Structure formats: structure tokens, C-alpha cells
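Q: Can you read through this structure? Questions will come right after.
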Amino acid sequence: MPQEVSLREAYGKTLVELGRENPDIVVLDADLSQSTMTRFFASQFPERFFDCGIAEQNMVGIAAGLAASGKIPFASTFAVFAPGRCFDQVRMSIAQPGLNVKLVVTHGGISVGEDGTSHQAIEDLALIGSLPGFTVVVPADAIETAQAVRAAASSYGPFYIRLCRPKVPLVYNDDYRFNLGKVVTMRRGSDVTIIAIGIMVAAALEAADNLKRRGISCCVLNMPTLKPLDEAAIIKAAADTGAIVTAEEHLEHGGLGSSVAQIVAKHHPVPTEFVAIKDTYAKSGKAAELLQRYGLTAKDIEQAVESVIKRKQA
Amino acid sequence: MPPSELNNSSPTTEARPLSVAEMEAMAKKLRRHIIAMTGKAGSGHPGGSLSAVEIVTALYFGRLRHKPSDPKWIDRDRFILSKGHAAPLLYAALSECGYFPVDELLTLRQLDSRLQGHTDRTVTPGVEMSAGALGQGLSFAIGVALAGRLNSQKYRVYVLLGDGECDEGQVWEGAMAAAHFKVDNLVAIVDNNGLQIDGWNRDVMNLDPFNKKWQAFGWHVIEVDGHDLTQLIDAFNQAKLVKGQPTVIIAHTVKGKGVSFMENNPDFHGKAPTAAEVERALKELE
């Protein structure tokens with residue numbers, strides 16, 4: 001079993017490095033710096049850290065004003081509160097003017113666990129992905145997180161980076177180089193392509209290993225950049241393997257699955273299945289129990305692969 | 001890399017401040033522009049533009065250090081229009097300062113015009129914020145003020161709010177934060193015309209005690225007659241001396257000020273004058 005590492009901690013440590021390198025990096029939080037790990041930055045650079053209290057709308061506006069004045073603000077809270085609590089502020093103060101604000105949110109998805117529905121962001125990617133000009137990234141592990149945060153700091157424009165609460169297995173080693181807007185081929189295969197994002201990448205790899213033993217050859221793509229999508233890679237996957245399964249810790253509509261389906265439908269229609277949360281809210285429970293209950297395990301990906309291959313052969 | 005914000009240039013303003021008499025004449029001119037623009041466009045917000053004419057005149061033609069030929073001048077004082085529906089007023093002032101030709105005012109709200117129905121910082125020279133969704137300007141202004149402080153820049157930040165806008169909870173999140181962060185380079189001005197779309201503030205959503213609310217949030221409060229240019233300029237000067245806390249200027253105004261049939265008439269919040277009404281209004285403003 002690969003080592004399990006916190007994405008949030010990777011974010012917090014990377015912010016401190018960025019703060020040392022660039023005096024224009026500033027950080028905002030909404031009374032969650034202990035959880036989002038912006039506290040590391042706060043203790044190193046107190047004059048460049050602004051705790052806005054439990055007021056996400058105001059935090060987003062302040063971040064926009066700082067960005068309009070040449071700063072590079074990173075603003076953090078839980079994924080359920082940004083963009084959920086401050087959608088209009090994100091829309092008009094950041095997205096429309098295209099300001100250089102980096103929203104890095106934690107506790108995405110249902111792996112939040114015991115806190116339950118109010119704290120489980122399952123719609124955030126649909127909301128933020130609907131806004132013109134936003135770059136949306138969902139890293140798969142701590143190594144990818146650190147590099148995605150660096151990419152956000154060095155690319156002008158609005159970013160949304162969604163991290164999860166639990167420690168998750170590393171899927172990369174230190175040689176990995178994150179390439180904004182590009183997929184990463186994790187496994188080569190010929191019968192089907194599994195396109196996964198976030199914590200579902202590790203599940204997809206596990207599924208691919210299990211399916212290999214049953215004689216099914218899976219191509220596994222990590223798609224860390226949800227927007228802009230690597231359309232060419234999706235079209236190629238459809239053409240090369242003739243079947244696609246997407247996997248994400250988000251509602252079935254408005255996230256990775258529907259974005260991939262649009263490209264497939266337009267350019268190269270092939271049978272496609274979606275591993276995601278079906279039109280429902282989750283509840284309290286341990287992360288592993290919830291992922292199982294709402295259909296987000298390696299086993300669910302395996303079933304989707306078997307079903308899509310049947311459709312392909314029909 | 002678009003941060004034209006970092007563009008630096010010579011540290012001087014371009015125009016001398018106008019005298020009070022000259023400002024009064026300018027205020028009348030801006031009112032005429034507002035009527036002509038909204039009349040031509042056939043839509044827009046004359047009422048809340050007319051109420052804030054003296055506030056904007058005192059800033060652009062008296063108080064602000066700015067350079068119309070260099071709208072992104074890094075040391076400029078910032079004016080942020082939070083009540084974005086008063087765009088016709090801001091456009092009129094910017095054009096009279098020379099940010100763009102006065103002729104362009106009559107393109108307001110037309111397809112492909114740089115003068116959008118509500119302010120858009122991506123297309124109009126001199127516009128600091130894309131506003132129109134009420135309640136967002138104070139937070140934005142705090143960010144701009146904090147950046148100035150971090151950079152040890154001397155610029156001051158002025159943000160204009162509507163009184164009806166203060167129904168928005170975000171305004172009070174911002175009010176709390178501005179005092180907490182002690183941004184004394186920030187001045188909020190409330191265009192306190194007493195009216196919002198559905199009627200008088202006191203009937204729709206009572207703001208009283210308005211002055212005490214701001215005081216309780218930790219602000220230095222100044223109340224003025226918002227149509228008295230001398231009082232406004234004195235208030236801006238006084239605000240400059242306040243240290244360790246932000247200042248709010250509650251400017252008592254009349255919605256539709258200067259046009260008899262628009263004054264205190266909520267119908268003209270978001271309705272343009274007809275051709276006949278334009279003619280009548282312009283006659284009153286001669």
C-alpha cells in the first residue's frame with residue numbers, strides 16, 4: 001500500500017515556500033486556517049495573512065480587491081462554502097473581470113465523512129465550472145497538489161483547486177511534473193479508458209489492476225485539470241479504446257462525467273459510463289463507508305467497466 | 001500576463017482641482033449628461049445617479065489624485081462605485097475628466113459600447129470594479145486599501161454605496177472587517193437618498209439607527225448634506241486625518257435631485273425619461 005499523505009498539508013507547506021519566493025503572495029481564510037492549513041503561512045507571514053472570520057462573501061471581495069491591486073491572493077475555506085456560500089461574489093468580483101484570485105478549497109466531496117451533508121461539497125465543481133474563465137484543478141495526491149498550487153501562482157487568472165480532507169495514497173513519485181490542462185496516462189490499455197479525477201484516481205488504478213487479472217485491459221487517465229479540458233486526449237481515448245468510464249467524487253451532473261460526455265458526443269461517440277454520486281445528498285459516516293454506500297469504490301469502477309464493455313460489444 | 005496594474009509612471013495628477021463654483025457648474029453638466037444618456041438609451045438608472053452627482057463631482061474634480069491619460073497609474077486614488085447602477089453618473093464624470101470622449105456617452109447600453117448598463121472594469125477606462133450585483137464594493141475596496149498599505153503606497157480608496165444597498169449582509173461583513181483591519185486609507189460614502197426600488201427604506205427595510213450602526217461597527221462617522229460641495233470636501237479632508245479606523249460619510253441626498261419630477265420619485269430608480277421628459281429635464285437644468 002502506498003504511503004498516505006495529506007493534500008491540505010502539501011498546500012499549506014507550498015504556500016509558505018511561495019510566500020518566501022514572492023512578496024506579492026497573500027493569503028486569506030475564513031476562520032478555517034487550522035483545517036485548510038493556511039495557518040503555516042499565517043505563522044510565517046502574519047502581515048500578509050488576513051483571517052476574514054466566518055464571512056466568505058467578504059473574503060472573496062477582499063481577495064478580488066487585492067488582486068486588482070497587483071497581489072496574488074490565495075483564499076481558502078471548505079469547498080462547500082466556496083463557491084456555495086459566495087457564488088455571486090465569485091461570479092462578479094472574480095470571474096467576470098478575470099482577476100488573479102486563487103481559491104484553494106479543502107474538504108471536497110463526501111470523504112469529509114462524519115460532518116455530514118452540510119459539509120460535503122458535491123456540487124462545487126458544477127458551480128465553479130460554469131463560470132467563464134475559471135481554471136479548475138482537482139489534484140489526485142499530495143505531490144500533484146504542491147505542483148498545482150505552484151502552477152496557479154505562476155499563471156495569471158482565476159483558479160479553483162479542490163482538495164479532500166483525508167490523507168490519501170500517493171499515486172505519483174517525486175519525478176512527476178504537473179502539466180496544466182493535460183491528462184496524465186497512468187496505465188496503458190486497449191479495451192476501455194477510465195478517466196478519473198481527485199481521489200478516484202487511486203481507485204481507478206486499483207480497479208485497473210483487478211480487471212487485468214480478469215483479462216480486461218484498461219487505459220487509466222488522470223484528468224487533474226477539469227477546466228480547460230484536455231479535449232484531444234478524450235477524443236483519442238474514445239478512438240483508441242471505444243469505451244469510456246469516468247470516475248469522480250461529485251454529483252453525476254455538472255462535473256467530470258458530463259464534461260467528458262459532451263466531448264465524446266460531439267467528436268467520437270462511444271459507450272460511456274459514469275461513476276459519480278447519483279442525484280442525492282449523502283449523510284454522516286466514515287469516509288470509507290460513504291464512498292462504498294454512494295458507489296465510489298474500485299469495485300464500482302470495475303462494474304462500470306464491465307457494463308460499458310458489454311455495450312461496446314453489443 | 002495582463003497585470004497592467006503594475007504599470008508605473010510619473011507621480012503627478014493632471015488637472016488642478018476645480019473651485020466650488022466651477023464644481024457646481026460641472027455638477028449641472030453631469031446631470032444633463034445623465035438625462036441625455038438614459039433618455040437616448042431608453043433604459044438605465046437616472047434617480048440614483050442624480051442623487052450622487054455632488055459626491056462624485058467633489059471626488060473627481062476636487063479630491064482625487066488621478067491621471068485620465070493613464071487610468072492604471074499605480075499611485076492613483078481609487079474610486080470604487082459599489083452601487084453600479086449609477087454607472088451613467090460615473091461615465092459622465094470620467095468623460096468630463098478626459099478618460100474617453102464625451103460623445104461616447106450617448107452609446108450607453110448599446111451593443112458593443114464600452115459603456116455597459118452596469119460598470120465593467122474590463123472595458124471602460126477608469127472603471128475600477130465590475131459592479132451591479134449590490135453589496136460587493138466595500139469588500140473589494142478593503143482589498144485595494146490593504147494592498148496599498150502592504151506596498152506602503154499613499155493612495156486613498158473611496159467607495160460609494162447606496163443606502164438601499166446596505167440591506168445586503170456583505171456590506172456589514174465588510175464594515176466589520178474594515179474596522180478590524182484598521183484600514184484608515186478607506187473612506188466609504190453612503191448616498192443616503194432614502195429610497196429603494198420598492199419605496200422608502202424605512203418601509204421596505206428600516207436601516208435606522210444608521211449612523212449608530214456604523215459607529216457600533218467601529219467606524220468614524222461624518223454626516224453631511226450630500227448636495228453641498230463644501231461640506232463634502234470638508235468631510236474628505238477630515239477623513240484624511242482619521243487614523244486607525246475607516247471613515248464613513250453618510251451623505252443625505254435626494255433621489256432624482258435637480259429634476260423636479262424625478263425628485264423623491266422611486267419610479268425613476270430604473271426607468272429612463274421619455275423624449276418629452278428629457279426635454280423638460282434639460283430645460284430645468286439650463
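In the C-alpha cells, chains take letters A, B, ... by order of appearance, with residues numbered from 1 within each chain and ligands from 1 in the order shown.
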At a cut-off of 7 Å, list the chain A residues touching chain B, using only C-alpha atoms, as a list of chain:residue names.
A: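 Going by the stated atoms only, the list reads A:Cys52, A:Ala55, A:Gln57, A:Asn58, A:Gly61, A:Ile62, A:Ala63, A:Ala64, A:Gly65, A:Leu66, A:Ala68, A:Ser69, A:Gly70, A:Gln89, A:Met92, A:Ser93, A:Pro97, A:Tyr156.
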Q: Write a file of the just-selected residues containing N, CA and C atoms, as an mmCIF file, in the first residue's frame.
A:
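Writing done, so here's result-v8.cif:
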data_model
loop_
_atom_site.group_PDB
_atom_site.id
_atom_site.type_symbol
_atom_site.label_atom_id
_atom_site.label_comp_id
_atom_site.auth_asym_id
_atom_site.auth_seq_id
_atom_site.Cartn_x
_atom_site.Cartn_y
_atom_site.Cartn_z
ATOM 1 N N CYS A 52 -10.537 36.475 7.660
ATOM 2 C CA CYS A 52 -11.736 37.302 7.455
ATOM 3 C C CYS A 52 -12.887 36.878 8.354
ATOM 4 N N ALA A 55 -16.991 34.718 7.095
ATOM 5 C CA ALA A 55 -17.623 35.671 6.174
ATOM 6 C C ALA A 55 -17.012 35.471 4.787
ATOM 7 N N GLN A 57 -18.264 35.699 1.745
ATOM 8 C CA GLN A 57 -18.560 36.673 0.686
ATOM 9 C C GLN A 57 -17.565 37.822 0.754
ATOM 10 N N ASN A 58 -17.352 38.306 1.973
ATOM 11 C CA ASN A 58 -16.409 39.403 2.181
ATOM 12 C C ASN A 58 -14.986 38.974 1.840
ATOM 13 N N GLY A 61 -14.485 39.147 -1.865
ATOM 14 C CA GLY A 61 -14.380 40.531 -2.325
ATOM 15 C C GLY A 61 -13.037 41.151 -1.988
ATOM 16 N N ILE A 62 -12.541 40.906 -0.786
ATOM 17 C CA ILE A 62 -11.232 41.445 -0.389
ATOM 18 C C ILE A 62 -10.145 40.844 -1.280
ATOM 19 N N ALA A 63 -10.253 39.548 -1.540
ATOM 20 C CA ALA A 63 -9.272 38.890 -2.418
ATOM 21 C C ALA A 63 -9.285 39.540 -3.795
ATOM 22 N N ALA A 64 -10.480 39.848 -4.307
ATOM 23 C CA ALA A 64 -10.582 40.479 -5.622
ATOM 24 C C ALA A 64 -9.916 41.853 -5.624
ATOM 25 N N GLY A 65 -10.146 42.622 -4.563
ATOM 26 C CA GLY A 65 -9.535 43.947 -4.471
ATOM 27 C C GLY A 65 -8.020 43.871 -4.386
ATOM 28 N N LEU A 66 -7.509 42.882 -3.650
ATOM 29 C CA LEU A 66 -6.052 42.687 -3.568
ATOM 30 C C LEU A 66 -5.497 42.317 -4.944
ATOM 31 N N ALA A 68 -6.792 43.051 -7.846
ATOM 32 C CA ALA A 68 -6.888 44.209 -8.736
ATOM 33 C C ALA A 68 -5.775 45.211 -8.466
ATOM 34 N N SER A 69 -5.088 45.049 -7.341
ATOM 35 C CA SER A 69 -4.002 45.949 -6.970
ATOM 36 C C SER A 69 -2.643 45.254 -7.090
ATOM 37 N N GLY A 70 -2.594 44.157 -7.831
ATOM 38 C CA GLY A 70 -1.318 43.521 -8.153
ATOM 39 C C GLY A 70 -0.872 42.406 -7.229
ATOM 40 N N GLN A 89 -20.486 36.549 -5.533
ATOM 41 C CA GLN A 89 -19.240 37.294 -5.330
ATOM 42 C C GLN A 89 -18.130 36.711 -6.211
ATOM 43 N N MET A 92 -19.092 37.854 -9.923
ATOM 44 C CA MET A 92 -18.929 39.256 -10.353
ATOM 45 C C MET A 92 -17.613 39.886 -9.904
ATOM 46 N N SER A 93 -17.103 39.474 -8.760
ATOM 47 C CA SER A 93 -15.868 40.125 -8.290
ATOM 48 C C SER A 93 -14.618 39.439 -8.834
ATOM 49 N N PRO A 97 -14.401 39.930 -14.167
ATOM 50 C CA PRO A 97 -13.201 40.720 -14.500
ATOM 51 C C PRO A 97 -11.952 39.867 -14.725
ATOM 52 N N TYR A 156 -1.521 33.629 -14.660
ATOM 53 C CA TYR A 156 -2.455 34.715 -14.359
ATOM 54 C C TYR A 156 -3.891 34.258 -14.566
#
Q: Hey, what's within 7 Å of Ile244 (chain A) if we count only C-alpha atoms and toss same-chain stuff fewer than 6 positions away? As a list in words, please?
A: Val192, Thr193, Ile194, Ala238, Pro271, Thr272 and Glu273 of chain A
Q: Just write the chosen residues, N, CA and C atoms, as a CSV table (one decimal), in the first residue's frame.
A:
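As a result, part-v2.csv now contains:
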chain,number,residue,atom,x,y,z
A,192,VAL,N,-10.8,-0.3,-22.7
A,192,VAL,CA,-11.6,0.8,-22.2
A,192,VAL,C,-10.7,1.8,-21.6
A,193,THR,N,-11.1,3.0,-21.5
A,193,THR,CA,-10.4,4.1,-20.9
A,193,THR,C,-11.1,4.5,-19.6
A,194,ILE,N,-10.5,4.5,-18.5
A,194,ILE,CA,-11.0,5.1,-17.2
A,194,ILE,C,-10.4,6.5,-17.1
A,238,ALA,N,-11.4,7.8,-26.8
A,238,ALA,CA,-12.6,7.3,-27.4
A,238,ALA,C,-12.2,6.5,-28.7
A,271,PRO,N,-19.8,4.1,-26.2
A,271,PRO,CA,-20.4,3.9,-24.9
A,271,PRO,C,-19.6,4.5,-23.8
A,272,THR,N,-20.3,5.1,-22.9
A,272,THR,CA,-19.7,5.8,-21.7
A,272,THR,C,-20.5,5.6,-20.5
A,273,GLU,N,-19.8,5.3,-19.4
A,273,GLU,CA,-20.5,5.1,-18.1
A,273,GLU,C,-19.9,6.1,-17.1
Q: Got a sec to tell me which of region 101-230 of chain B DSSP assigns to alpha helix (DSSP H), as a ChimeraX atom specification?
A: /B:137-150,169-180,201-204,210-216,229-230
Q: Pick from A:Ala243, A:Leu131, A:Val308, A:Val26: nearest to Pro83 (chain A), with only C-alpha atoms counted?
A: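 Between A:Ala243, A:Leu131, A:Val308, A:Val26, the residue approaching Pro83 (chain A) most closely is A:Leu131.
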Q: Using only C-alpha atoms, which residues sit within 10 Å of region 15-26 of chain B once same-chain residues fewer than 6 positions away are excluded, as a list in words?
A: Arg32, Val53, Glu54, Thr57, Ala58, Leu59, Tyr60, Phe61, Gly62, Arg63, Leu64, Arg65, His66, Lys67, Pro68, Ala93, Glu96, Cys97, Gly98, His227, Asp228, Leu229, Thr230 and Ile233 of chain B
Q: Please produce a file of those selected residues containing C-alpha atoms, as a PDB file, in the first residue's frame.
A:
ATOM      1  CA  ARG B  32     -27.512  66.944 -18.146  1.00  0.00           C
ATOM      2  CA  VAL B  53     -23.750  63.926  -8.526  1.00  0.00           C
ATOM      3  CA  GLU B  54     -22.139  66.225  -5.941  1.00  0.00           C
ATOM      4  CA  THR B  57     -18.070  65.780  -8.591  1.00  0.00           C
ATOM      5  CA  ALA B  58     -16.291  66.592  -5.324  1.00  0.00           C
ATOM      6  CA  LEU B  59     -14.164  63.482  -5.755  1.00  0.00           C
ATOM      7  CA  TYR B  60     -13.233  63.598  -9.438  1.00  0.00           C
ATOM      8  CA  PHE B  61     -12.891  67.376  -9.709  1.00  0.00           C
ATOM      9  CA  GLY B  62     -11.626  68.134  -6.210  1.00  0.00           C
ATOM     10  CA  ARG B  63     -10.257  65.343  -4.084  1.00  0.00           C
ATOM     11  CA  LEU B  64      -8.898  62.505  -6.235  1.00  0.00           C
ATOM     12  CA  ARG B  65      -5.294  62.282  -7.370  1.00  0.00           C
ATOM     13  CA  HIS B  66      -5.677  60.598 -10.732  1.00  0.00           C
ATOM     14  CA  LYS B  67      -4.492  60.767 -14.323  1.00  0.00           C
ATOM     15  CA  PRO B  68      -7.117  60.369 -17.027  1.00  0.00           C
ATOM     16  CA  ALA B  93     -17.616  62.224 -14.742  1.00  0.00           C
ATOM     17  CA  GLU B  96     -15.532  65.096 -18.494  1.00  0.00           C
ATOM     18  CA  CYS B  97     -12.172  64.259 -16.896  1.00  0.00           C
ATOM     19  CA  GLY B  98     -10.918  63.018 -20.264  1.00  0.00           C
ATOM     20  CA  HIS B 227     -25.592  68.127  -2.265  1.00  0.00           C
ATOM     21  CA  ASP B 228     -23.309  70.641  -0.512  1.00  0.00           C
ATOM     22  CA  LEU B 229     -19.916  70.508  -2.202  1.00  0.00           C
ATOM     23  CA  THR B 230     -18.164  72.439   0.573  1.00  0.00           C
ATOM     24  CA  ILE B 233     -14.850  68.407   0.591  1.00  0.00           C
TER      25      ILE B 233
END
Q: Please, what distance in Å, to one decimal, runs between CA of Leu226 (chain A) and CA of Leu256 (chain A)?
A: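 CA of Leu226 (chain A) sits 6.5 Å away from CA of Leu256 (chain A).
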Q: In Å to one decimal, how far is CA of Val184 (chain A) from CA of Ala232 (chain A)?
A: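 According to the coordinates, CA of Ala232 (chain A) and CA of Val184 (chain A) are separated by 12.6 Å.
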Q: Within 12 Å of Pro46 (chain A), counting only C-alpha atoms, which residues show up once you throw out same-chain ones fewer than 2 positions away? Write them as JSON, numbers by chain, please.
A: {"A": [16, 19, 26, 27, 28, 38, 39, 40, 41, 42, 43, 44, 48, 49, 50, 51], "B": [150]}
Q: Store the residues of this selection in a file with N, CA and C atoms, as a CSV table (one decimal), in the first residue's frame.
A:
chain,number,residue,atom,x,y,z
A,16,VAL,N,3.9,28.4,2.1
A,16,VAL,CA,5.0,29.0,2.8
A,16,VAL,C,6.2,29.2,1.8
A,19,GLY,N,5.4,32.0,-0.4
A,19,GLY,CA,5.5,33.3,0.3
A,19,GLY,C,6.9,33.8,0.4
A,26,VAL,N,-0.4,36.7,-1.0
A,26,VAL,CA,-1.1,37.0,0.2
A,26,VAL,C,-2.1,35.9,0.4
A,27,VAL,N,-2.5,35.6,1.6
A,27,VAL,CA,-3.4,34.5,1.9
A,27,VAL,C,-4.6,35.0,2.8
A,28,LEU,N,-5.8,34.5,2.4
A,28,LEU,CA,-7.0,34.8,3.2
A,28,LEU,C,-7.6,33.5,3.6
A,38,THR,N,-3.7,26.9,6.0
A,38,THR,CA,-3.1,28.2,5.7
A,38,THR,C,-2.4,28.7,7.0
A,39,ARG,N,-2.7,28.1,8.1
A,39,ARG,CA,-2.0,28.5,9.4
A,39,ARG,C,-0.5,28.5,9.3
A,40,PHE,N,0.1,27.6,8.4
A,40,PHE,CA,1.5,27.6,8.3
A,40,PHE,C,2.0,29.0,7.7
A,41,PHE,N,1.3,29.4,6.7
A,41,PHE,CA,1.6,30.7,6.1
A,41,PHE,C,1.4,31.9,7.1
A,42,ALA,N,0.3,31.8,7.8
A,42,ALA,CA,-0.1,32.8,8.8
A,42,ALA,C,1.0,33.0,9.9
A,43,SER,N,1.6,31.8,10.3
A,43,SER,CA,2.6,32.0,11.3
A,43,SER,C,3.9,32.5,10.8
A,44,GLN,N,4.2,32.3,9.5
A,44,GLN,CA,5.4,32.8,8.9
A,44,GLN,C,5.3,34.2,8.4
A,48,ARG,N,0.9,39.3,5.9
A,48,ARG,CA,0.3,39.0,4.6
A,48,ARG,C,-0.8,38.0,4.7
A,49,PHE,N,-1.3,37.8,5.9
A,49,PHE,CA,-2.4,36.8,6.1
A,49,PHE,C,-3.6,37.5,6.7
A,50,PHE,N,-4.7,37.3,6.1
A,50,PHE,CA,-5.9,38.0,6.5
A,50,PHE,C,-7.0,37.0,6.8
A,51,ASP,N,-7.3,36.8,8.1
A,51,ASP,CA,-8.4,36.0,8.6
A,51,ASP,C,-9.6,36.8,8.5
B,150,LEU,N,0.1,47.4,2.3
B,150,LEU,CA,1.2,46.4,2.2
B,150,LEU,C,2.4,47.0,1.4
Q: Among region 72-223 of chain B, which ones does DSSP place in strand (DSSP E), written as a ChimeraX atom specification?
A: /B:78-81,157-162,186-192,195-196,199-200,220-223
Q: Residues at most 12 Å from Glu263 (chain B), counting only C-alpha atoms, excluding those fewer than 3 positions away in the same chain, as a short mmCIF file (atom, residue, chain, number, x, y, z; two decimals) with N, CA and C atoms, in the first residue's frame?
A:
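Output contents, as saved in selection.cif:
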data_model
loop_
_atom_site.label_atom_id
_atom_site.label_comp_id
_atom_site.auth_asym_id
_atom_site.auth_seq_id
_atom_site.Cartn_x
_atom_site.Cartn_y
_atom_site.Cartn_z
N PRO B 46 -31.59 56.79 -13.74
CA PRO B 46 -31.32 58.21 -13.51
C PRO B 46 -31.41 58.64 -12.04
N GLY B 47 -32.37 58.08 -11.29
CA GLY B 47 -32.63 58.57 -9.93
C GLY B 47 -31.42 58.51 -9.02
N GLY B 48 -30.82 57.33 -8.92
CA GLY B 48 -29.66 57.12 -8.04
C GLY B 48 -28.37 57.66 -8.63
N SER B 49 -28.40 58.04 -9.92
CA SER B 49 -27.26 58.75 -10.49
C SER B 49 -27.32 60.21 -10.09
N LEU B 50 -28.51 60.80 -10.21
CA LEU B 50 -28.67 62.23 -9.90
C LEU B 50 -28.41 62.52 -8.43
N SER B 51 -28.76 61.57 -7.54
CA SER B 51 -28.58 61.85 -6.10
C SER B 51 -27.11 61.95 -5.72
N ASN B 193 -30.19 58.51 -0.05
CA ASN B 193 -31.34 59.19 -0.65
C ASN B 193 -32.68 58.68 -0.12
N GLY B 194 -32.62 57.65 0.73
CA GLY B 194 -33.84 57.23 1.43
C GLY B 194 -34.78 56.33 0.64
N LEU B 195 -34.49 56.16 -0.64
CA LEU B 195 -35.40 55.37 -1.48
C LEU B 195 -34.71 54.15 -2.05
N THR B 253 -29.06 62.84 0.75
CA THR B 253 -29.30 63.29 -0.62
C THR B 253 -30.77 63.11 -0.98
N VAL B 254 -31.11 63.59 -2.15
CA VAL B 254 -32.47 63.46 -2.68
C VAL B 254 -32.38 62.66 -3.97
N LYS B 255 -33.12 61.56 -4.01
CA LYS B 255 -33.09 60.76 -5.24
C LYS B 255 -33.70 61.58 -6.37
N GLY B 256 -33.05 61.56 -7.54
CA GLY B 256 -33.54 62.33 -8.69
C GLY B 256 -33.22 63.81 -8.62
N LYS B 257 -32.32 64.20 -7.69
CA LYS B 257 -32.03 65.61 -7.41
C LYS B 257 -31.76 66.44 -8.68
N GLY B 258 -32.43 67.57 -8.75
CA GLY B 258 -32.17 68.52 -9.83
C GLY B 258 -33.23 68.49 -10.92
N VAL B 259 -34.04 67.45 -10.93
CA VAL B 259 -35.12 67.35 -11.91
C VAL B 259 -36.42 67.19 -11.13
N SER B 260 -37.27 68.22 -11.18
CA SER B 260 -38.41 68.30 -10.25
C SER B 260 -39.25 67.03 -10.24
N PRO B 266 -39.55 57.12 -6.68
CA PRO B 266 -38.88 55.83 -6.89
C PRO B 266 -39.10 55.27 -8.30
N ASP B 267 -40.10 55.79 -9.03
CA ASP B 267 -40.31 55.31 -10.40
C ASP B 267 -39.06 55.51 -11.26
N PHE B 268 -38.30 56.57 -10.94
CA PHE B 268 -37.12 56.85 -11.76
C PHE B 268 -35.86 56.18 -11.22
N HIS B 269 -36.04 55.17 -10.35
CA HIS B 269 -34.85 54.38 -9.96
C HIS B 269 -34.28 53.72 -11.21
N ALA B 281 -36.59 68.02 -18.50
CA ALA B 281 -35.49 67.93 -17.51
C ALA B 281 -34.33 68.84 -17.93
#
Q: Can you measure CA of Leu170 (chain A) to CA of Ala140 (chain A) for me? One decimal in Å is fine.
A: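 Between these atoms lies a distance of 8.0 Å.
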Q: Could you name the residues that touch Val183 (chain A) at 7 Å or less, counting only C-alpha atoms, but leaving out those on the same chain fewer than 5 positions away, as a list in words?
A: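 Final neighbour list, sorted by chain and number: Leu221, Asn222, Met223, Pro224, Asp230 and Ala233 of chain A.
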Q: Just C-alpha atoms for this one: save the residues we selected as an mmCIF file, in the first residue's frame.
A:
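Ended up saving to out.cif:
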data_model
loop_
_atom_site.group_PDB
_atom_site.id
_atom_site.type_symbol
_atom_site.label_atom_id
_atom_site.label_comp_id
_atom_site.auth_asym_id
_atom_site.auth_seq_id
_atom_site.Cartn_x
_atom_site.Cartn_y
_atom_site.Cartn_z
ATOM 1 C CA LEU A 221 -6.092 8.680 -17.400
ATOM 2 C CA ASN A 222 -5.799 11.162 -14.555
ATOM 3 C CA MET A 223 -7.542 14.388 -15.582
ATOM 4 C CA PRO A 224 -6.432 16.844 -12.867
ATOM 5 C CA ASP A 230 -7.841 18.174 -22.459
ATOM 6 C CA ALA A 233 -6.903 13.297 -25.009
#
Q: If you count only C-alpha atoms, which residues fall within 12 Å of Leu18 (chain A), apart from same-chain ones fewer than 2 positions away, as JSON, numbers by chain?
A: {"A": [11, 12, 13, 14, 15, 16, 20, 21, 22, 23, 24, 25, 26, 27, 40, 41, 44, 45, 72, 73, 74, 146, 147, 149, 150, 151, 152, 153, 154]}
Q: Mind writing the picked residues with C-alpha atoms as an mmCIF file, in the first residue's frame?
A:
data_model
loop_
_atom_site.group_PDB
_atom_site.id
_atom_site.type_symbol
_atom_site.label_atom_id
_atom_site.label_comp_id
_atom_site.auth_asym_id
_atom_site.auth_seq_id
_atom_site.Cartn_x
_atom_site.Cartn_y
_atom_site.Cartn_z
ATOM 1 C CA TYR A 11 -0.966 23.009 0.199
ATOM 2 C CA GLY A 12 -0.008 24.706 3.458
ATOM 3 C CA LYS A 13 3.695 23.938 3.047
ATOM 4 C CA THR A 14 3.718 25.031 -0.591
ATOM 5 C CA LEU A 15 2.133 28.357 0.371
ATOM 6 C CA VAL A 16 4.999 29.006 2.773
ATOM 7 C CA ARG A 20 9.271 33.196 0.658
ATOM 8 C CA GLU A 21 9.771 33.424 -3.093
ATOM 9 C CA ASN A 22 7.265 36.153 -3.884
ATOM 10 C CA PRO A 23 6.299 39.062 -1.603
ATOM 11 C CA ASP A 24 3.083 39.601 -3.592
ATOM 12 C CA ILE A 25 1.613 36.290 -2.399
ATOM 13 C CA VAL A 26 -1.086 36.999 0.203
ATOM 14 C CA VAL A 27 -3.400 34.514 1.907
ATOM 15 C CA PHE A 40 1.524 27.617 8.259
ATOM 16 C CA PHE A 41 1.610 30.744 6.097
ATOM 17 C CA GLN A 44 5.440 32.787 8.863
ATOM 18 C CA PHE A 45 3.951 35.900 7.239
ATOM 19 C CA ILE A 72 -1.643 37.223 -5.804
ATOM 20 C CA PRO A 73 -4.259 36.217 -3.235
ATOM 21 C CA PHE A 74 -4.882 32.617 -2.202
ATOM 22 C CA ALA A 146 2.001 21.024 -4.406
ATOM 23 C CA GLN A 147 2.677 21.393 -8.115
ATOM 24 C CA VAL A 149 -0.627 25.242 -6.327
ATOM 25 C CA ARG A 150 2.650 26.399 -7.842
ATOM 26 C CA ALA A 151 1.102 26.387 -11.320
ATOM 27 C CA ALA A 152 -1.767 28.529 -10.024
ATOM 28 C CA ALA A 153 0.672 31.042 -8.530
ATOM 29 C CA SER A 154 2.571 31.402 -11.778
#
Q: Under the rule that only C-alpha atoms are counted, which of B:Gly244, B:Gly199, B:Gly84, B:Gly270 is the nearest residue to Gly218 (chain B)?
A: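 Checking each of B:Gly244, B:Gly199, B:Gly84, B:Gly270 against Gly218 (chain B), counting only C-alpha atoms, the winner is B:Gly244.
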Q: Could you check which of A:Val168, A:Ala148, A:Leu180, A:Leu125 is closest to Ser259 (chain A), using only C-alpha atoms?
A: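 Once distances to Ser259 (chain A) are computed over only C-alpha atoms, the minimum belongs to A:Leu125.
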Q: Using only C-alpha atoms, pick whichever of A:Ala207, A:Val275, A:Met59, A:Ala298 has the shortest atom-to-atom distance to Glu252 (chain A).
A: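 Comparing A:Ala207, A:Val275, A:Met59, A:Ala298 against Glu252 (chain A), the winner is A:Val275.
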